[in-house]
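Next comes query.csv, with CSV, C-alpha atoms.
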chain,number,residue,atom,x,y,z
A,1,MET,CA,29.6,22.2,52.0
A,2,LEU,CA,32.6,23.9,50.4
A,3,ARG,CA,34.3,24.3,53.8
A,4,ALA,CA,33.6,20.6,54.7
A,5,LEU,CA,35.1,19.5,51.3
A,6,ALA,CA,38.1,21.7,51.8
A,7,GLN,CA,38.7,20.1,55.2
A,8,ALA,CA,38.4,16.7,53.6
A,9,GLY,CA,40.9,17.8,51.1
A,10,GLY,CA,43.3,18.8,53.9
A,11,GLY,CA,43.0,15.3,55.3
A,12,VAL,CA,43.9,13.9,51.9
A,13,ASP,CA,47.0,16.1,51.8
A,14,ALA,CA,48.0,14.7,55.2
A,15,CYS,CA,47.6,11.1,54.0
A,16,ALA,CA,49.5,11.8,50.8
A,17,ASP,CA,52.5,13.0,52.9
A,18,ALA,CA,52.4,9.9,55.2
A,19,ALA,CA,55.3,7.5,55.1
A,20,LEU,CA,53.4,4.3,54.0
A,21,TRP,CA,56.5,2.2,54.3
A,22,ALA,CA,56.6,2.8,58.1
A,23,LEU,CA,53.0,1.6,58.7
A,24,PRO,CA,52.6,-1.8,60.5
A,25,ASP,CA,50.7,-4.4,58.5
A,26,HIS,CA,47.5,-3.9,60.6
A,27,ASP,CA,47.5,-0.1,60.1
A,28,LEU,CA,48.2,-0.5,56.3
A,29,LEU,CA,45.2,-2.8,55.9
A,30,ALA,CA,43.0,-0.6,58.1
A,31,SER,CA,44.1,2.5,56.1
A,32,LEU,CA,43.2,0.8,52.8
A,33,ASP,CA,39.7,-0.1,54.2
A,34,ALA,CA,39.2,3.4,55.4
A,35,ALA,CA,40.3,5.0,52.1
A,36,HIS,CA,37.9,2.7,50.2
A,37,VAL,CA,34.9,3.6,52.4
A,38,LEU,CA,35.8,7.3,52.2
A,39,THR,CA,36.0,7.0,48.4
A,40,GLN,CA,32.5,5.5,48.1
A,41,ARG,CA,31.1,8.1,50.5
A,42,LEU,CA,32.6,11.0,48.5
A,43,ALA,CA,31.3,9.4,45.3
A,44,THR,CA,27.8,9.4,46.7
A,45,ILE,CA,28.1,13.1,47.5
A,46,GLN,CA,29.3,13.7,43.9
A,47,LEU,CA,26.3,11.8,42.5
A,48,ALA,CA,24.0,13.9,44.6
A,49,LEU,CA,25.6,17.1,43.2
A,50,VAL,CA,25.3,15.8,39.7
A,51,ARG,CA,21.7,15.0,40.1
A,52,GLU,CA,20.9,18.4,41.6
A,53,LEU,CA,22.6,20.4,38.8
A,54,ASP,CA,21.0,18.1,36.2
A,55,GLY,CA,17.6,18.7,37.8
A,56,ARG,CA,18.1,22.5,37.7
A,57,GLY,CA,19.1,22.4,34.0
A,58,LEU,CA,22.3,24.2,35.0
A,59,ALA,CA,24.4,22.7,32.2
A,60,VAL,CA,21.9,23.6,29.5
A,61,ALA,CA,21.6,27.1,30.9
A,62,GLN,CA,25.3,27.5,30.4
A,63,GLY,CA,25.1,26.6,26.8
A,64,ALA,CA,25.8,22.9,26.8
A,65,SER,CA,23.6,20.5,24.9
A,66,SER,CA,23.2,18.2,27.9
A,67,THR,CA,24.5,17.6,31.4
A,68,ALA,CA,26.8,14.8,30.2
A,69,VAL,CA,28.4,17.0,27.6
A,70,TRP,CA,28.9,19.7,30.2
A,71,LEU,CA,30.5,17.3,32.7
A,72,ARG,CA,32.7,15.9,30.0
A,73,GLU,CA,34.2,19.3,29.4
A,74,ARG,CA,34.3,20.6,33.0
A,75,LEU,CA,35.6,17.4,34.7
A,76,ARG,CA,37.7,16.2,31.7
A,77,LEU,CA,35.8,12.9,31.5
A,78,SER,CA,35.3,10.7,28.5
A,79,GLY,CA,31.8,11.0,26.9
A,80,ARG,CA,30.9,7.5,28.1
A,81,SER,CA,32.0,8.2,31.7
A,82,ALA,CA,30.1,11.4,31.8
A,83,ARG,CA,26.9,9.7,30.5
A,84,GLN,CA,27.3,6.9,33.0
A,85,LEU,CA,27.7,9.5,35.8
A,86,VAL,CA,24.5,11.2,35.0
A,87,GLN,CA,22.6,7.9,34.6
A,88,LEU,CA,24.0,6.6,37.9
A,89,ALA,CA,23.0,9.8,39.7
A,90,ALA,CA,19.5,9.5,38.5
A,91,THR,CA,19.3,5.8,39.5
A,92,ILE,CA,20.6,6.4,43.0
A,93,ASP,CA,18.3,9.4,43.4
A,94,ALA,CA,15.2,7.3,42.6
A,95,ALA,CA,16.2,4.5,45.1
A,96,PRO,CA,14.7,4.2,48.5
A,97,PRO,CA,16.3,6.6,51.1
A,98,THR,CA,17.9,3.6,52.9
A,99,VAL,CA,20.1,3.0,49.9
A,100,ARG,CA,21.6,6.4,50.0
A,101,ALA,CA,22.0,6.2,53.7
A,102,ALA,CA,23.9,2.9,53.3
A,103,LEU,CA,26.1,4.5,50.7
A,104,LEU,CA,26.9,7.4,53.0
A,105,ASP,CA,27.8,5.3,56.0
A,106,GLY,CA,29.9,2.9,53.9
A,107,SER,CA,27.7,-0.1,54.1
A,108,LEU,CA,27.4,-0.2,50.3
A,109,THR,CA,29.8,0.6,47.5
A,110,VAL,CA,28.5,2.7,44.6
A,111,GLU,CA,28.5,-0.4,42.4
A,112,GLN,CA,26.4,-2.3,45.0
A,113,GLY,CA,24.1,0.7,45.4
A,114,LYS,CA,23.5,0.7,41.7
A,115,VAL,CA,22.5,-3.0,41.8
A,116,VAL,CA,20.2,-2.5,44.8
A,117,ALA,CA,18.5,0.6,43.2
A,118,GLU,CA,18.0,-1.2,39.9
A,119,THR,CA,16.7,-4.3,41.5
A,120,ILE,CA,14.1,-2.4,43.6
A,121,ALA,CA,13.1,-0.4,40.5
A,122,ASP,CA,12.4,-3.6,38.6
A,123,LEU,CA,10.1,-5.1,41.3
A,124,PRO,CA,6.5,-5.4,40.0
A,125,VAL,CA,4.0,-2.8,41.2
A,126,GLU,CA,1.9,-5.6,42.6
A,127,ALA,CA,4.6,-6.4,45.2
A,128,GLY,CA,3.8,-3.1,47.0
A,129,PRO,CA,5.9,-0.8,49.1
A,130,GLU,CA,6.2,-3.3,52.0
A,131,ALA,CA,7.8,-5.9,49.8
A,132,ALA,CA,10.1,-3.3,48.3
A,133,GLU,CA,11.2,-2.2,51.7
A,134,LYS,CA,12.0,-5.8,52.8
A,135,ALA,CA,13.9,-6.4,49.6
A,136,THR,CA,16.0,-3.3,50.1
A,137,GLU,CA,16.9,-4.3,53.6
A,138,LEU,CA,17.7,-7.9,52.5
A,139,LEU,CA,20.0,-6.7,49.6
A,140,ILE,CA,21.8,-4.2,51.8
A,141,ALA,CA,22.4,-7.0,54.3
A,142,TRP,CA,23.7,-9.3,51.6
A,143,ALA,CA,26.0,-6.5,50.3
A,144,ASP,CA,28.2,-7.1,53.3
A,145,ARG,CA,29.1,-10.6,51.9
A,146,PHE,CA,28.7,-10.4,48.1
A,147,ASP,CA,30.3,-8.5,45.3
A,148,PRO,CA,28.0,-6.5,42.8
A,149,THR,CA,27.9,-9.4,40.3
A,150,THR,CA,26.8,-11.9,42.8
A,151,LEU,CA,24.4,-9.4,44.4
A,152,SER,CA,22.8,-8.8,41.1
A,153,ARG,CA,22.2,-12.5,40.6
A,154,LEU,CA,20.7,-12.8,44.1
A,155,GLY,CA,18.5,-9.7,43.4
A,156,GLU,CA,16.9,-11.6,40.5
A,157,ARG,CA,15.4,-14.0,43.1
A,158,VAL,CA,14.9,-11.6,45.9
A,159,LEU,CA,11.1,-11.6,45.4
A,160,ALA,CA,11.0,-15.2,46.3
A,161,HIS,CA,12.1,-14.2,49.8
A,162,VAL,CA,9.8,-11.2,50.3
A,163,ALA,CA,6.8,-12.1,48.2
A,164,PRO,CA,6.8,-15.8,47.2
A,165,ASP,CA,3.4,-15.7,45.7
A,166,LEU,CA,4.5,-13.2,43.0
A,167,ALA,CA,8.0,-14.6,42.4
A,168,ASP,CA,7.3,-17.0,39.5
A,169,GLU,CA,5.1,-14.6,37.5
A,170,ALA,CA,7.6,-11.7,38.1
A,171,GLU,CA,10.5,-13.9,37.0
A,172,LEU,CA,8.7,-14.6,33.6
A,173,ALA,CA,8.0,-10.9,33.2
A,174,ALA,CA,11.6,-10.0,34.0
A,175,LEU,CA,12.8,-12.6,31.4
A,176,ASP,CA,10.5,-11.0,28.8
A,177,ARG,CA,11.8,-7.5,29.6
A,178,ALA,CA,15.4,-8.7,29.4
A,179,ALA,CA,14.8,-10.4,26.1
A,180,GLU,CA,13.3,-7.3,24.7
A,181,ARG,CA,16.2,-5.2,25.9
A,182,ALA,CA,18.7,-7.7,24.4
A,183,GLU,CA,16.8,-7.7,21.1
A,184,ALA,CA,16.9,-3.9,20.9
A,185,ARG,CA,20.5,-3.6,21.9
A,186,ARG,CA,21.9,-6.4,19.7
A,187,HIS,CA,24.7,-5.3,17.4
A,188,VAL,CA,28.1,-6.3,16.0
A,189,THR,CA,30.7,-3.8,15.0
A,190,LEU,CA,33.9,-4.3,12.9
A,191,SER,CA,36.4,-1.4,13.2
A,192,GLU,CA,38.6,-0.3,10.4
A,193,PRO,CA,41.8,-2.3,10.1
A,194,LYS,CA,44.8,-0.9,12.1
A,195,ASP,CA,48.2,-2.5,12.5
A,196,GLY,CA,46.8,-5.7,10.9
A,197,GLN,CA,44.0,-6.1,13.3
A,198,VAL,CA,40.3,-5.4,13.3
A,199,ARG,CA,38.4,-5.0,16.5
A,200,LEU,CA,35.2,-7.0,16.8
A,201,THR,CA,32.7,-5.8,19.4
A,202,GLY,CA,29.0,-6.3,20.0
A,203,ASN,CA,26.1,-7.6,22.1
A,204,LEU,CA,24.1,-10.7,21.4
A,205,ASP,CA,20.8,-11.9,22.9
A,206,THR,CA,21.0,-15.1,24.9
A,207,GLU,CA,19.7,-17.3,22.2
A,208,THR,CA,22.1,-16.1,19.5
A,209,ALA,CA,25.0,-16.3,21.9
A,210,SER,CA,24.1,-19.9,22.7
A,211,LEU,CA,24.1,-20.7,19.0
A,212,LEU,CA,27.5,-19.1,18.6
A,213,ARG,CA,28.9,-21.0,21.6
A,214,GLU,CA,27.6,-24.3,20.2
A,215,ALA,CA,29.1,-23.6,16.8
A,216,ILE,CA,32.6,-22.6,18.0
A,217,ASP,CA,33.1,-24.8,21.1
A,218,PRO,CA,34.0,-28.0,19.1
A,219,LEU,CA,36.7,-26.0,17.4
A,220,CYS,CA,38.1,-24.3,20.5
A,221,ALA,CA,39.8,-27.3,21.9
A,222,PRO,CA,43.7,-27.3,21.9
A,223,ALA,CA,45.0,-28.9,18.7
A,224,GLY,CA,47.5,-31.0,20.5
A,225,GLU,CA,50.1,-30.8,23.3
A,226,HIS,CA,52.1,-28.2,21.4
A,227,ASP,CA,49.1,-25.8,20.9
A,228,ASP,CA,50.2,-22.7,22.8
A,229,ARG,CA,47.3,-20.5,21.7
A,230,SER,CA,45.3,-18.7,24.5
A,231,PRO,CA,41.6,-19.5,24.9
A,232,GLY,CA,40.8,-16.2,23.3
A,233,GLN,CA,43.0,-17.0,20.3
A,234,ARG,CA,41.4,-20.4,19.9
A,235,ARG,CA,37.9,-18.8,19.9
A,236,ALA,CA,39.1,-16.2,17.3
A,237,ASP,CA,40.4,-19.0,15.0
A,238,ALA,CA,37.2,-21.0,15.5
A,239,LEU,CA,35.1,-18.1,14.4
A,240,GLY,CA,37.1,-17.9,11.3
A,241,GLU,CA,36.6,-21.6,10.6
A,242,ILE,CA,32.8,-21.2,11.0
A,243,CYS,CA,32.9,-18.4,8.4
A,244,ARG,CA,35.0,-20.4,6.0
A,245,LEU,CA,32.6,-23.4,6.3
A,246,ALA,CA,29.6,-21.2,5.7
A,247,LEU,CA,31.2,-19.7,2.6
A,248,ARG,CA,31.9,-23.2,1.3
A,249,THR,CA,28.4,-24.4,1.6
A,250,GLY,CA,27.0,-22.2,-1.2
A,251,HIS,CA,23.8,-21.7,0.8
A,252,LEU,CA,24.4,-18.1,1.7
A,253,PRO,CA,22.3,-15.4,0.0
A,254,ASP,CA,23.7,-13.6,-3.0
A,255,ASN,CA,25.6,-10.4,-2.3
A,256,GLY,CA,25.5,-7.9,-5.2
A,257,GLY,CA,24.4,-10.6,-7.6
A,258,ASP,CA,27.2,-13.0,-6.6
A,259,ARG,CA,27.8,-15.6,-4.0
A,260,PRO,CA,29.6,-14.1,-0.9
A,261,GLN,CA,33.3,-14.1,-1.6
A,262,LEU,CA,36.6,-12.5,-0.9
A,263,VAL,CA,38.1,-10.6,-3.8
A,264,VAL,CA,41.9,-10.4,-3.8
A,265,THR,CA,43.8,-8.5,-6.5
A,266,MET,CA,47.6,-8.9,-7.2
A,267,SER,CA,49.9,-9.4,-10.1
A,268,LEU,CA,50.6,-12.8,-11.5
A,269,ASP,CA,54.4,-12.6,-10.8
A,270,ALA,CA,53.7,-11.7,-7.1
A,271,LEU,CA,51.3,-14.6,-6.8
A,272,VAL,CA,53.6,-17.2,-8.4
A,273,ASN,CA,56.7,-16.0,-6.6
A,274,GLU,CA,55.0,-15.3,-3.3
A,275,LEU,CA,56.8,-12.0,-3.0
A,276,GLY,CA,54.0,-9.3,-3.1
A,277,ALA,CA,51.0,-8.4,-1.0
A,278,GLY,CA,47.5,-8.7,-2.2
A,279,THR,CA,44.7,-6.1,-2.0
A,280,LEU,CA,41.1,-6.9,-0.9
A,281,ASP,CA,38.2,-5.0,-2.7
A,282,THR,CA,37.9,-2.9,0.5
A,283,GLY,CA,41.5,-1.7,0.0
A,284,VAL,CA,42.9,-3.8,2.9
A,285,ARG,CA,46.3,-5.3,2.2
A,286,LEU,CA,47.1,-9.0,2.8
A,287,THR,CA,50.4,-10.7,3.3
A,288,PRO,CA,51.8,-13.0,0.6
A,289,GLY,CA,51.2,-16.0,2.9
A,290,ALA,CA,47.6,-15.1,3.4
A,291,VAL,CA,47.1,-14.6,-0.3
A,292,ARG,CA,48.7,-18.0,-1.1
A,293,ARG,CA,46.4,-19.8,1.3
A,294,LEU,CA,43.3,-18.2,-0.2
A,295,ALA,CA,44.4,-18.8,-3.8
A,296,CYS,CA,44.9,-22.5,-3.3
A,297,ASP,CA,41.2,-23.2,-3.0
A,298,ALA,CA,39.9,-20.2,-4.9
A,299,ALA,CA,38.6,-19.2,-8.3
A,300,VAL,CA,41.2,-17.3,-10.3
A,301,LEU,CA,40.1,-14.7,-12.9
A,302,PRO,CA,43.0,-13.5,-15.1
A,303,ALA,CA,42.9,-9.8,-16.2
A,304,VAL,CA,45.3,-7.8,-18.4
A,305,LEU,CA,45.9,-4.1,-17.4
A,306,ASN,CA,47.9,-1.4,-19.0
A,307,GLY,CA,50.3,0.9,-17.2
A,308,ASN,CA,47.4,3.1,-15.9
A,309,SER,CA,45.6,0.0,-14.5
A,310,GLN,CA,42.9,0.1,-17.2
A,311,ILE,CA,41.5,-3.2,-18.0
A,312,LEU,CA,42.5,-4.5,-21.5
A,313,ASP,CA,41.3,-8.1,-21.3
A,314,VAL,CA,39.5,-10.3,-18.7
A,315,GLY,CA,39.7,-14.1,-19.1
A,316,ARG,CA,37.6,-16.9,-17.8
A,317,GLN,CA,37.4,-17.9,-14.2
A,318,ARG,CA,39.1,-21.1,-13.3
A,319,ARG,CA,39.9,-23.0,-10.1
A,320,LEU,CA,43.1,-24.6,-8.9
A,321,PHE,CA,41.1,-27.3,-7.3
A,322,THR,CA,38.1,-28.4,-9.4
A,323,GLY,CA,35.3,-30.5,-8.1
A,324,PRO,CA,36.7,-33.8,-9.3
A,325,LEU,CA,40.2,-32.9,-8.0
A,326,ARG,CA,38.8,-32.0,-4.6
A,327,ARG,CA,36.8,-35.2,-4.4
A,328,ALA,CA,40.0,-37.1,-5.2
A,329,LEU,CA,41.7,-35.3,-2.3
A,330,VAL,CA,38.8,-36.3,0.0
A,331,LEU,CA,39.0,-39.9,-1.0
A,332,ARG,CA,42.7,-40.0,-0.7
A,333,ASP,CA,43.1,-38.2,2.6
A,334,GLY,CA,39.7,-38.7,4.3
A,335,GLY,CA,40.1,-35.3,6.0
A,336,CYS,CA,43.0,-33.1,7.1
A,337,ALA,CA,46.4,-34.4,6.0
A,338,PHE,CA,48.2,-32.7,8.9
A,339,PRO,CA,49.6,-35.5,11.2
A,340,GLY,CA,47.3,-35.9,14.3
A,341,CYS,CA,44.5,-33.6,13.0
A,342,ASP,CA,41.1,-35.2,12.9
A,343,ARG,CA,39.2,-32.4,11.2
A,344,PRO,CA,36.8,-33.6,8.5
A,345,SER,CA,37.3,-32.8,4.8
A,346,ARG,CA,34.6,-30.1,4.7
A,347,TRP,CA,36.8,-28.0,7.0
A,348,CYS,CA,39.9,-28.3,4.9
A,349,ASP,CA,41.5,-26.3,2.1
A,350,GLY,CA,43.3,-27.9,-0.7
A,351,HIS,CA,47.0,-27.0,-1.3
A,352,VAL,CA,49.3,-27.8,-4.2
A,353,ARG,CA,52.1,-30.3,-3.5
A,354,ARG,CA,55.0,-27.8,-3.6
A,355,GLU,CA,53.4,-25.8,-0.9
A,356,ALA,CA,52.2,-28.6,1.3
A,357,LEU,CA,55.3,-28.8,3.4
A,358,ILE,CA,55.2,-25.0,4.0
A,359,ASP,CA,51.6,-25.0,4.9
A,360,ARG,CA,52.1,-27.9,7.3
A,361,VAL,CA,54.8,-26.0,9.1
A,362,GLU,CA,52.5,-22.9,9.3
A,363,VAL,CA,49.8,-25.0,10.8
A,364,ARG,CA,52.2,-26.5,13.4
A,365,ASP,CA,53.5,-23.1,14.3
A,366,ARG,CA,50.3,-21.1,14.3
A,367,HIS,CA,47.6,-23.8,14.7
A,368,ARG,CA,45.4,-22.1,12.2
A,369,ARG,CA,43.0,-23.9,9.9
A,370,PRO,CA,43.6,-27.5,8.9
A,371,VAL,CA,45.2,-28.4,5.6
A,372,ALA,CA,44.3,-31.1,3.1
A,373,ALA,CA,47.7,-31.3,1.2
A,374,GLY,CA,48.0,-32.8,-2.2
A,375,GLY,CA,47.8,-31.9,-5.9
The structure given in the file should be rewritten as C-alpha cells.
Amino acid sequence: MLRALAQAGGGVDACADAALWALPDHDLLASLDAAHVLTQRLATIQLALVRELDGRGLAVAQGASSTAVWLRERLRLSGRSARQLVQLAATIDAAPPTVRAALLDGSLTVEQGKVVAETIADLPVEAGPEAAEKATELLIAWADRFDPTTLSRLGERVLAHVAPDLADEAELAALDRAAERAEARRHVTLSEPKDGQVRLTGNLDTETASLLREAIDPLCAPAGEHDDRSPGQRRADALGEICRLALRTGHLPDNGGDRPQLVVTMSLDALVNELGAGTLDTGVRLTPGAVRRLACDAAVLPAVLNGNSQILDVGRQRRLFTGPLRRALVLRDGGCAFPGCDRPSRWCDGHVRREALIDRVEVRDRHRRPVAAGG
C-alpha cells in the first residue's frame, strides 16, 4: 500500500506543476471532476485505515487516551475533526459492502456515503436484509442526482419504496427516536463577552424551535424601506425584544429572591452627563448610550460609596417612569411614538423629553427597539 500511495503522490506532484492557465475549458472541467472523485476515493482509504488502527487499539497502546486524541496530535487536526473522522470510519465500516464499493469507484462522495450508511442502519429489523439491500441500491442510484441533504430527506421515505407495509410504522418510530435524540442534545450556550459580542449557540428540539420562530417572526419584518439590517440582524433584534417583553410581564420566576433584572452600576455624574460606561453585575461594561436607554424605564437605587467603594448609605428605589406616568404615555401615544412604527405600547420603553430626539435618531439609524417618547 505504501508503494501505491507513493505513486499516487507522484501523480499529485505532476498535477501541481501543470500550467492550469493553458488548459482548454473542457480539460479544466474534466480535471476538476477527476480531482474530486480521486479525493473521495482517497478519503475512503483513509477511513479504512482509521477504522483498522482503532480496531487494533493502536492509539491506546501508544499511550493516547483514545484514537481521536491520537489522530489529533499525529495528523494535526482539531479535536472535533478527529472525533468525526473516527465516527465516520465506524459508520462506513458498518455499512453494506456495496456502499464502500460505490465510494471507491467514485459513485458516492464521502458525505453521501455517510447518509446512505446511516439510513440503512436506521431501517427497522423487521424490514429484513432484502429490503435493506434494495434500499442501498436505490439510495446509491439517487446519489447520482441529489446532494447529501436531499438524499437524507429521500432516505427518510425510502422504506415506502422497498417495504410499503412497514413504512408508516417505521416513520412513527423514527420520529420518536429523533425526538428523543433532540431532547437529549438540547442546549443553549452563551460565550464570554469579547469585543462587545457574545456568541449564542445551541440546539433546540422541533417543538421549541417552532415556538421560537412563532415568537420572533412578527418582529423580523423590515421596519420600513430604510431598514438595512440583514435577516440575521433582524432575528437578533427580535430575540432581544422577546426577552424585554418577558421581563416586563412580571410573570417570570424569582431569581435569587428578586424578579429577573439587569443590574447596572455607574456614578450619578456619568449617568446624568452621559459620559461614562456602566458595569453589569457580571462585570461586563456597557456603553453610555446603552445605559441611558436602560435607565429611562428602570428602577434607580441611589447609593453613597467612599473612596474605597465601601457602601456608606443606600436610598430607596424609585422609577423614572412610574405606573401612572407610563399609563399616561400609553394613552397619549397609543404605542410607539416613532413615525411610521406600529409597535404596541407593551413593546415600548419610556424616554424623557430631552432624550426623545436622540433616541428617535438612534432608532432610525439602528432600527433597534421602538421608543415611546415623552415625559
Selection near Leu108 of chain A, 12 Å with all atoms listed in the file, sequence-local residues under 3 positions removed, as a ChimeraX atom specification: /A:36-41,43-44,92,98-105,111-117,136-137,139-148,151
Interatomic distance, atom CA of Ala14 of chain A to atom CA of Met1 of chain A (Å, one decimal):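 Separating atom CA of Ala14 of chain A from atom CA of Met1 of chain A is a distance of 20.1 Å.
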Nearby residues (all atoms listed in the file) at most 10 Å from Arg80 of chain A, same-chain spacing under 5 positions excluded, as a list in words: Ala68, Val69, Arg72 and Leu85 of chain A
Selected residues, C-alpha atoms, written as a compact mmCIF listing (two decimals), in the coordinates of the input, please.
# COMPACT_ATOMS: atom_id res chain seq x y z
CA ALA A 68 26.80 14.80 30.20
CA VAL A 69 28.40 17.00 27.60
CA ARG A 72 32.70 15.90 30.00
CA LEU A 85 27.70 9.50 35.80
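Atom CA of Thr67 of chain A to atom CA of Ala184 of chain A spans 25.1 Å [interatomic distance, one decimal].
Atom CA of Arg181 of chain A is positioned 18.9 Å from atom CA of Arg83 of chain A.
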Using only C-alpha atoms, find each residue of segment 65-134 of chain A with at least one atom at most 9 Å away from an atom of segment 159-163 of chain A; report its shortest atom-to-atom pair and that distance in Å (one decimal), sort the rows by chain and rising residue number, and return the result as JSON lines.
{"residue": "A:Leu123", "atom": "CA", "partner": "A:Leu159", "partner_atom": "CA", "distance": 7.7}
{"residue": "A:Ala127", "atom": "CA", "partner": "A:Ala163", "partner_atom": "CA", "distance": 6.8}
{"residue": "A:Glu130", "atom": "CA", "partner": "A:Val162", "partner_atom": "CA", "distance": 8.8}
{"residue": "A:Ala131", "atom": "CA", "partner": "A:Val162", "partner_atom": "CA", "distance": 5.7}
{"residue": "A:Ala132", "atom": "CA", "partner": "A:Val162", "partner_atom": "CA", "distance": 8.2}
{"residue": "A:Lys134", "atom": "CA", "partner": "A:Val162", "partner_atom": "CA", "distance": 6.3}
Shell around segment 213-215 of chain A at 9 Å using only C-alpha atoms, local window under 3 positions removed, as a list of chain:residue names: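 Once the adjacent positions are removed, what remains is A:Thr208, A:Ala209, A:Ser210, A:Pro218, A:Leu219, A:Ala238, A:Leu239, A:Ile242.
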Segment 49-66 of chain A environment, 8 Å, all atoms listed in the file, sequence neighbours closer than 3 positions dropped, as a PDB file with C-alpha atoms, in the frame of the given file:
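File written: out_8.pdb
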ATOM      1  CA  ILE A  45      28.100  13.100  47.500  1.00  0.00           C
ATOM      2  CA  GLN A  46      29.300  13.700  43.900  1.00  0.00           C
ATOM      3  CA  VAL A  69      28.400  17.000  27.600  1.00  0.00           C
ATOM      4  CA  TRP A  70      28.900  19.700  30.200  1.00  0.00           C
ATOM      5  CA  LEU A  85      27.700   9.500  35.800  1.00  0.00           C
ATOM      6  CA  VAL A  86      24.500  11.200  35.000  1.00  0.00           C
ATOM      7  CA  ALA A  89      23.000   9.800  39.700  1.00  0.00           C
ATOM      8  CA  ALA A  90      19.500   9.500  38.500  1.00  0.00           C
ATOM      9  CA  ASP A  93      18.300   9.400  43.400  1.00  0.00           C
TER      10      ASP A  93
END
Of the listed residues A:Asp228, A:Val188, A:Ala179, A:Gly79, that which approaches Asn203 of chain A most closely, counting all atoms listed in the file: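 So, comparing all the options, the nearest one is A:Val188.
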Nearest candidate to Ala178 of chain A (options A:Glu241, A:Asp205, A:Asp33, A:Asp25; using all atoms listed in the file):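 Nearest candidate to Ala178 of chain A out of A:Glu241, A:Asp205, A:Asp33, A:Asp25: A:Asp205.
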